[in-house]
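As structure tokens, the structure follows; a few thoughts come after it.
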Amino acid sequence: MPLDRFSNIENAREDIIMTDKIILHTPLAISLFHGSSENKQRIGVRQYAHLISKICEASKADDPYADWYLLKSYNEMNKAKIFFKSIEQQCQAKLKTVRGVELNLVSNPTSVPLIFRTSFAFMAAYLLADLDYVTRQLMTLRKKGLYLDEPVTFDALTKQFRSFISVAMGWKETGITRKDIKEKSENFLKLENDLKNFGDLPDEVMNKEIKFEFLPNYKLKK
């Protein structure tokens with residue numbers, strides 16, 4: 001939709017539910033998408049989407065710790081993306097060493113709907129697609145009798161993928177706001193010990209000095 005359809009883009013609804021789909025080809029990726037709400041060690045994209053929605057709501061209410069955990073989760077996504085890209089390049093290089101043979105990646109596609117409310121959940125799905133592709137490459141190499149110089153396990157892929165989920169799980173809903181912290185309100189004093197579990201809040205986050213367009217309260221420049 002062209003931006004000029006809005007007289008002011010800031011008036012556009014932020015809570016529109018977008019419905020898309022992701023095509024996954026490996027049992028590992030499908031498992032990481034669905035996850036488990038009962039086992040914290042198996043939290044997947046669906047559970048992350050629910051959790052990150054709550055963090056975004058807290059961010060809208062001016063919880064600085066919510067902003068911080070959104071930033072930290074995003075940073076972990078970037079680290080994982082770089083890791084997967086490195087493995088992808090290694091796999092491609094290995095596949096290219098085979099001469100006179102055309103190799104197709106292992107594929108058993110499954111379509112899964114994406115019904116998310118936040119940009120972070122969609123970014124998690126994009127990262128899962130990266131993991132899915134790399135997993136297909138590794139499965140193909142193994143099936144065709146090829147190997148990387150430094151083997152990569154599926155457990156390593158899973159651990160790297162879940163890193164951003166683990167970070168987000170460290171956030172807890174408190175109802176704290178920047179105003180509470182600055183004024184040392186009754187609510188802040190009541191929560192002070194609990195907030196210590198989050199660690200030291202960076203000044204640049206507390207003072208909104210970090211400009212990051214995916215934070216719920218970020219304002220686009222006119």
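Chains: A, B, ... in order of the structure tokens. Residues: from 1 per chain. Ligands: from 1, in order shown.
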
Q. Near region 194-200 of chain A, within 8 Å and counting only C-alpha atoms, which residues show up once chain neighbours fewer than 4 positions away are dropped, as a list in words?
A. Tyr65, Gly170 and Trp171 of chain A

Item checked: alpha helix (DSSP H) per DSSP on the backbone: members of chain A, as a ChimeraX atom specification -> /A:27-34,45-60,64-95,119-143,154-169,178-183,186-195,203-206

Checklist line | Residue nearest Thr158 (chain A) - candidates A:Ala129, A:Leu32, A:Ile23, A:Ile43, atoms counted: only C-alpha atoms | finding: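 Ranking A:Ala129, A:Leu32, A:Ile23, A:Ile43 by distance to Thr158 (chain A), first place goes to A:Leu32.
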
Next item on the list: Mind listing the strand (DSSP E or B) residues of region 75-182 of chain A, per DSSP on the backbone, as number ranges by chain?
Entry: A: 110-116

Got time to write the residues from that selection, C-alpha atoms, as an mmCIF file, in the first residue's frame?
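Produced file out_7.cif, reproduced below:
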data_model
loop_
_atom_site.group_PDB
_atom_site.id
_atom_site.type_symbol
_atom_site.label_atom_id
_atom_site.label_comp_id
_atom_site.auth_asym_id
_atom_site.auth_seq_id
_atom_site.Cartn_x
_atom_site.Cartn_y
_atom_site.Cartn_z
ATOM 1 C CA THR A 110 5.288 -28.132 4.500
ATOM 2 C CA SER A 111 3.331 -24.870 4.539
ATOM 3 C CA VAL A 112 2.709 -23.270 7.929
ATOM 4 C CA PRO A 113 0.581 -20.116 8.376
ATOM 5 C CA LEU A 114 2.110 -17.070 10.029
ATOM 6 C CA ILE A 115 -0.361 -15.117 12.131
ATOM 7 C CA PHE A 116 1.775 -12.640 14.020
#

Among A:Gly44, A:Gly100, A:Pro27, A:Pro64, Glu204 (chain A) is approached most closely, using only C-alpha atoms, by A:Pro64

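Among A:Ser73, A:Gln47, A:Thr140, A:Ser119, the residue with the shortest atom-to-atom distance to His34 (chain A), counting only C-alpha atoms, is A:Gln47.
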
In terms of only C-alpha atoms, the residue from A:Glu88, A:Glu173, A:Glu183, A:Asp155 at minimal distance from Arg136 (chain A) is A:Glu88

**Distance query Tyr69 (chain A) at most 10 Å, only C-alpha atoms, self and fewer than 6 positions along chain excluded, as a VMD selection string** = chain A and resid 52 55 to 56 59 75 164 167 to 172 198

Selection: 12 Å around Lys144 (chain A), only C-alpha atoms, excl. self and same-chain fewer than 2 positions, as a ChimeraX atom specification: /A:94-95,98,101-106,137-142,146-147

For region 67-158 of chain A against region 210-215 of chain A, with a cut-off of 10 Å and counting only C-alpha atoms, what is the closest atom pair and its distance in Å to one decimal for every residue that makes the cut, ordered by chain and number, as a Markdown table?
| residue | atom | partner | partner_atom | distance |
| --- | --- | --- | --- | --- |
| A:Asp67 | CA | A:Leu215 | CA | 6.8 |
| A:Trp68 | CA | A:Leu215 | CA | 9.7 |
| A:Leu70 | CA | A:Leu215 | CA | 7.4 |
| A:Leu71 | CA | A:Leu215 | CA | 8.1 |
| A:Tyr74 | CA | A:Phe214 | CA | 9.5 |
| A:Thr118 | CA | A:Phe214 | CA | 9.0 |
| A:Ser119 | CA | A:Phe214 | CA | 6.9 |
| A:Phe120 | CA | A:Phe214 | CA | 7.9 |

Practice task
Write out as number ranges by chain each polymer residue whose atoms come within 12 Å of Asp180 (chain A), counting only C-alpha atoms; drop sequence neighbours fewer than 5 positions from it.
Solution key: A: 61-64, 174-175, 185-192, 206

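Using only C-alpha atoms for every distance, the candidate list A:Lys60, A:Lys72, A:His50, A:Lys21 yields A:Lys72 as the residue closest to Ser166 (chain A).
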
task: Would you mind listing what lies within 12 Å of Gly35 (chain A) as number ranges by chain, with only C-alpha atoms counted and same-chain residues fewer than 4 positions away left out?
output: A: 27-31, 39-49, 158, 162, 165

key: CA of Leu131 (chain A) to CA of Lys81 (chain A), distance in Å rounded to a single decimal   =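 Separating CA of Leu131 (chain A) from CA of Lys81 (chain A) is a distance of 8.5 Å.
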
Taken to one decimal, the CA of Ala124 (chain A)-CA of Ile22 (chain A) distance is 11.2 Å
